[in-house]
Structure formats: C-alpha cells, structure tokens
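In what follows, a structure is listed as structure tokens, so that the remarks can point back to it.
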Amino acid sequence: MQKVVAGVTVELVQGDITAQKDIGAVVNAANSQLRPGGGVAGAIHRAAGPELEEEGVPLAPIKPGEAVITKGYNLPNSHVIHCLGPVFGADKPEDKLLADCYKNALALAEEHNLQSIAFPAISTGAFGYPIEEAAEIALKTVLEKVKTLRNVNLVRFVLFSEKDLKVHEKVLSRL
Ligand code: ADP
C-alpha cells in the first residue's frame, strides 16, 4: 500500500529490514549501547558486519527518542539510522518518545541528503509497545513530517508479519 503526501511516497510492505536494496538508510530499532542484541538490531548487525558495532559503540549511550547515523557497511544501504524506542510502560511519555524517534530519524536522513528511508515498527518487539498504538503514532508523525522534507522522497515501513502489515494498512487508510 502507498500514499503520496506532499510529493513523498509513504509505503507499507511486509519483509525484512535487512533486504531493502533500493533504500538509502534503514532504521535500526537499537538498544542504548548500539550493540547487536536481538530482533531488528541483531539482524542489522549480522548483515552489516562487525564494523557497524565498531562505529556505533563510541556514539553510545543514546536516550529514548534519540537517533544517530552510521554507515551501512555490508548492508545494501549506505547508512543505518539507529533509534532507541521507548520501553512501553517504563519510558515516559512513551507516545512522545516514539514520535521523536521517527522525527529524529527523518531529520538525519534529510541532513545526509538521503532520498529514501525504511523503518521497522520501532518498540513493538522486545520493548512491548502495542502494535495498533505504535502504528498510529508512527504513521501520523511521518505524514506530518513529510511536509517539511526536501531530500527524502520515499518512506517505507517494513513490517515483519502479515498481521503487522494489516494493522498499518488499516491505520494509513484512515489517516
Ligand atoms: P524493539 O526493541 O524496539 O521493540 P525489536 O527488534 O524487538 O525492537 O522489534 C521491533 C519490530 O521489528 C517487531 O515488530 C519485530 O517483529 C520486528 N522485526 C524483527 N526482526 C525484523 C526484521 N529483520 N525486519 C523487520 N522487522 C523485524
């Protein structure tokens, strides 16, 4: 599913964040230490190789809502933007912190003259954010922010499961 807003394509696909060959920057659902870990972070570090951790660790720790950028190494993408999402029920206010992740990631992509960015569903795995609420925040934030973008013309959400894709499609068709 796609929506074009202010000249920017916002699209939803089911897939793996490490297999987005046509995208400039992929977003990592990072941990504060910018170490591999599980879920998205594990997959991104495995695919990128050890240099990603070498570049990332000196940039750590990052706080919930913050984002930092590194190169993509063996990934098909020139850059990785590492966002620390809020832990649901612990980092407050979680809706603002989750929106900050998307805003800060888009700002970094803009600064680095990137034309495309792909997000996983930040905080919805190990960090426990309910997928419906997270989808609403993510999509609302991106649809608002795209109006200010000059370089980025494609924002892709890469959802791991069919259910997560369906939830995002329902929210995007309503917004
Ligand atoms: P967080 O710690 O921010 O919750 P996770 O990596 O645990 O991050 O999960 C975030 C979301 O990414 C979850 O919905 C999970 O199903 C999904 N996910 C896990 N691996 C991948 C992958 N390789 N590509 C895309 N999404 C993934």
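Here's how to read the names in the structure tokens: chain A, B, ... by the order shown, residue numbers from 1 in each chain, ligand numbers from 1 in the order shown.
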
Closest atom pairs, residues of chain A within 6 Å of ligand 1, only C-alpha atoms and all ligand atoms, as JSON lines:
{"residue": "A:Asp16", "atom": "CA", "partner": "ligand 1", "partner_atom_place_in_ligand_line": "24 (N)", "distance": 3.6}
{"residue": "A:Ile17", "atom": "CA", "partner": "ligand 1", "partner_atom_place_in_ligand_line": "24 (N)", "distance": 3.9}
{"residue": "A:Ala29", "atom": "CA", "partner": "ligand 1", "partner_atom_place_in_ligand_line": "3 (O)", "distance": 4.5}
{"residue": "A:Gly39", "atom": "CA", "partner": "ligand 1", "partner_atom_place_in_ligand_line": "6 (O)", "distance": 3.5}
{"residue": "A:Val40", "atom": "CA", "partner": "ligand 1", "partner_atom_place_in_ligand_line": "6 (O)", "distance": 3.7}
{"residue": "A:Ala41", "atom": "CA", "partner": "ligand 1", "partner_atom_place_in_ligand_line": "6 (O)", "distance": 5.7}
{"residue": "A:Ala43", "atom": "CA", "partner": "ligand 1", "partner_atom_place_in_ligand_line": "23 (N)", "distance": 5.3}
{"residue": "A:Gly85", "atom": "CA", "partner": "ligand 1", "partner_atom_place_in_ligand_line": "3 (O)", "distance": 5.3}
{"residue": "A:Pro120", "atom": "CA", "partner": "ligand 1", "partner_atom_place_in_ligand_line": "26 (N)", "distance": 5.0}
{"residue": "A:Ala121", "atom": "CA", "partner": "ligand 1", "partner_atom_place_in_ligand_line": "11 (C)", "distance": 4.6}
{"residue": "A:Ile122", "atom": "CA", "partner": "ligand 1", "partner_atom_place_in_ligand_line": "3 (O)", "distance": 4.3}
{"residue": "A:Ser123", "atom": "CA", "partner": "ligand 1", "partner_atom_place_in_ligand_line": "3 (O)", "distance": 3.1}
{"residue": "A:Thr124", "atom": "CA", "partner": "ligand 1", "partner_atom_place_in_ligand_line": "4 (O)", "distance": 4.3}
{"residue": "A:Gly125", "atom": "CA", "partner": "ligand 1", "partner_atom_place_in_ligand_line": "9 (O)", "distance": 3.3}
{"residue": "A:Ala126", "atom": "CA", "partner": "ligand 1", "partner_atom_place_in_ligand_line": "7 (O)", "distance": 3.9}
{"residue": "A:Phe127", "atom": "CA", "partner": "ligand 1", "partner_atom_place_in_ligand_line": "4 (O)", "distance": 3.8}
{"residue": "A:Gly128", "atom": "CA", "partner": "ligand 1", "partner_atom_place_in_ligand_line": "4 (O)", "distance": 5.9}
{"residue": "A:Val158", "atom": "CA", "partner": "ligand 1", "partner_atom_place_in_ligand_line": "25 (C)", "distance": 5.6}
{"residue": "A:Leu159", "atom": "CA", "partner": "ligand 1", "partner_atom_place_in_ligand_line": "26 (N)", "distance": 5.4}
{"residue": "A:Phe160", "atom": "CA", "partner": "ligand 1", "partner_atom_place_in_ligand_line": "26 (N)", "distance": 4.3}

Subject >> 9 Å contact set for Glu136 of chain A, only C-alpha atoms, chain neighbours under 4 positions out, as a list in words >> reply: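 Residues meeting the cut-off are Ile131, Glu132, Lys140, Thr141, His168, Val171, Leu172 and Leu175 of chain A.
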
Store the residues picked out above in a file with C-alpha atoms, as a CSV table (one decimal), in the first residue's frame.
chain,number,residue,atom,x,y,z
A,131,ILE,CA,1.2,-2.5,17.5
A,132,GLU,CA,-2.0,-0.6,16.9
A,140,LYS,CA,0.8,10.2,12.0
A,141,THR,CA,4.3,11.5,12.8
A,168,HIS,CA,-0.6,-0.4,9.5
A,171,VAL,CA,-4.3,3.0,10.1
A,172,LEU,CA,-2.9,4.5,7.0
A,175,LEU,CA,-5.3,8.9,8.2

Subject >> Those in segment 26-57 of chain A with alpha helix (DSSP H) from DSSP, as a list in words >> reply: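 For segment 26-57 of chain A, the alpha helix (DSSP H) set is Gly39, Val40, Ala41, Gly42, Ala43, Ile44, His45, Arg46, Ala47, Ala48, Glu51, Leu52, Glu53, Glu54, Glu55 and Gly56 of chain A.
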
Strand (DSSP E or B) residues, from DSSP on the backbone, in segment 47-161 of chain A, as a compact mmCIF listing (two decimals) with N, CA, C and O atoms, in the first residue's frame:
# COMPACT_ATOMS: atom_id res chain seq x y z
N ALA A 67 18.30 9.53 17.95
CA ALA A 67 18.75 8.78 16.77
C ALA A 67 20.16 9.20 16.42
O ALA A 67 20.52 10.38 16.58
N VAL A 68 20.96 8.25 15.97
CA VAL A 68 22.31 8.55 15.45
C VAL A 68 22.48 7.80 14.13
O VAL A 68 21.78 6.82 13.87
N ILE A 69 23.44 8.26 13.32
CA ILE A 69 23.61 7.68 12.00
C ILE A 69 25.02 7.09 11.85
O ILE A 69 25.99 7.65 12.37
N THR A 70 25.09 5.95 11.18
CA THR A 70 26.39 5.34 10.84
C THR A 70 26.33 4.92 9.37
O THR A 70 25.27 4.99 8.74
N LYS A 71 27.46 4.41 8.90
CA LYS A 71 27.46 3.82 7.57
C LYS A 71 26.78 2.45 7.61
O LYS A 71 26.56 1.89 8.67
N HIS A 79 23.59 3.91 4.65
CA HIS A 79 23.54 4.34 6.05
C HIS A 79 22.56 3.50 6.88
O HIS A 79 21.60 2.95 6.34
N VAL A 80 22.86 3.48 8.19
CA VAL A 80 21.90 2.95 9.18
C VAL A 80 21.62 4.08 10.16
O VAL A 80 22.55 4.75 10.63
N ILE A 81 20.36 4.32 10.42
CA ILE A 81 19.97 5.31 11.43
C ILE A 81 19.45 4.52 12.64
O ILE A 81 18.51 3.74 12.52
N HIS A 82 20.14 4.70 13.77
CA HIS A 82 19.85 3.91 14.96
C HIS A 82 18.94 4.72 15.87
O HIS A 82 19.33 5.80 16.33
N CYS A 83 17.75 4.21 16.14
CA CYS A 83 16.81 4.90 17.03
C CYS A 83 16.58 4.04 18.26
O CYS A 83 16.39 2.83 18.14
N SER A 116 15.77 8.16 0.48
CA SER A 116 14.81 7.14 0.92
C SER A 116 15.24 6.55 2.26
O SER A 116 16.43 6.49 2.58
N ILE A 117 14.24 6.14 3.01
CA ILE A 117 14.46 5.61 4.37
C ILE A 117 13.43 4.51 4.63
O ILE A 117 12.29 4.62 4.18
N ALA A 118 13.87 3.46 5.32
CA ALA A 118 12.95 2.36 5.67
C ALA A 118 12.97 2.14 7.18
O ALA A 118 14.04 2.03 7.78
N PHE A 119 11.77 2.09 7.75
CA PHE A 119 11.61 1.90 9.20
C PHE A 119 11.06 0.52 9.52
O PHE A 119 10.09 0.08 8.86
N LEU A 154 10.94 8.99 -0.40
CA LEU A 154 10.32 7.68 -0.15
C LEU A 154 10.54 7.28 1.31
O LEU A 154 11.67 7.22 1.77
N VAL A 155 9.43 7.01 2.00
CA VAL A 155 9.48 6.50 3.37
C VAL A 155 8.75 5.15 3.37
O VAL A 155 7.56 5.08 3.07
N ARG A 156 9.51 4.10 3.66
CA ARG A 156 8.92 2.74 3.64
C ARG A 156 8.86 2.19 5.05
O ARG A 156 9.83 2.29 5.81
N PHE A 157 7.74 1.60 5.38
CA PHE A 157 7.61 0.84 6.63
C PHE A 157 7.73 -0.63 6.26
O PHE A 157 6.95 -1.12 5.43
N VAL A 158 8.69 -1.31 6.88
CA VAL A 158 8.89 -2.74 6.60
C VAL A 158 8.38 -3.53 7.80
O VAL A 158 9.00 -3.51 8.88
N LEU A 159 7.22 -4.17 7.61
CA LEU A 159 6.58 -4.89 8.70
C LEU A 159 6.91 -6.37 8.59
O LEU A 159 6.88 -6.93 7.49

**OP:** Find the residues near segment 100-104 of chain A: any atom within 8 Å, counting only C-alpha atoms, skip ones fewer than 3 places away on the same chain, and give them as a PyMOL selection string.
**Re:** chain A and resi 64-67+83-85+96-97+107-108+138+141-142+145

**OP:** Tell me which protein, DNA and RNA residues are within 8 Å of Asn153 of chain A, counting only C-alpha atoms, leaving out same-chain ones fewer than 5 positions away, and put them as a PyMOL selection string.
**Re:** chain A and resi 7-9+115-116

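Atom pair atom CA of Glu111 of chain A / atom CA of Asp22 of chain A has a distance of 19.2 Å (rounded to one decimal).
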
Subject >> Which residue of A:Tyr129, A:Glu169, A:Val27, A:Leu52 approaches Ala109 of chain A most closely, using only C-alpha atoms >> reply: A:Val27

Subject >> Nearby residues (only C-alpha atoms) at most 10 Å from Pro61 of chain A, same-chain spacing under 6 positions excluded, as a PyMOL selection string >> reply: chain A and resi 31-34+84

Include N, CA, C and O atoms and write out the residues we just selected as an mmCIF file, in the first residue's frame.
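The result, stored in part.cif:
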data_model
loop_
_atom_site.group_PDB
_atom_site.id
_atom_site.type_symbol
_atom_site.label_atom_id
_atom_site.label_comp_id
_atom_site.auth_asym_id
_atom_site.auth_seq_id
_atom_site.Cartn_x
_atom_site.Cartn_y
_atom_site.Cartn_z
ATOM 1 N N ASN A 31 19.374 -0.670 20.698
ATOM 2 C CA ASN A 31 19.440 -0.600 22.161
ATOM 3 C C ASN A 31 20.346 0.590 22.508
ATOM 4 O O ASN A 31 21.045 1.119 21.638
ATOM 5 N N SER A 32 20.337 1.000 23.770
ATOM 6 C CA SER A 32 21.034 2.242 24.150
ATOM 7 C C SER A 32 22.539 2.158 23.902
ATOM 8 O O SER A 32 23.196 3.170 23.695
ATOM 9 N N GLN A 33 23.079 0.966 23.907
ATOM 10 C CA GLN A 33 24.534 0.787 23.755
ATOM 11 C C GLN A 33 24.962 0.616 22.300
ATOM 12 O O GLN A 33 26.151 0.470 22.019
ATOM 13 N N LEU A 34 23.991 0.584 21.394
ATOM 14 C CA LEU A 34 24.265 0.384 19.962
ATOM 15 C C LEU A 34 25.034 -0.923 19.710
ATOM 16 O O LEU A 34 25.903 -1.006 18.844
ATOM 17 N N LEU A 84 16.566 4.688 19.422
ATOM 18 C CA LEU A 84 16.183 3.966 20.638
ATOM 19 C C LEU A 84 14.730 4.298 20.940
ATOM 20 O O LEU A 84 14.396 5.432 21.302
#
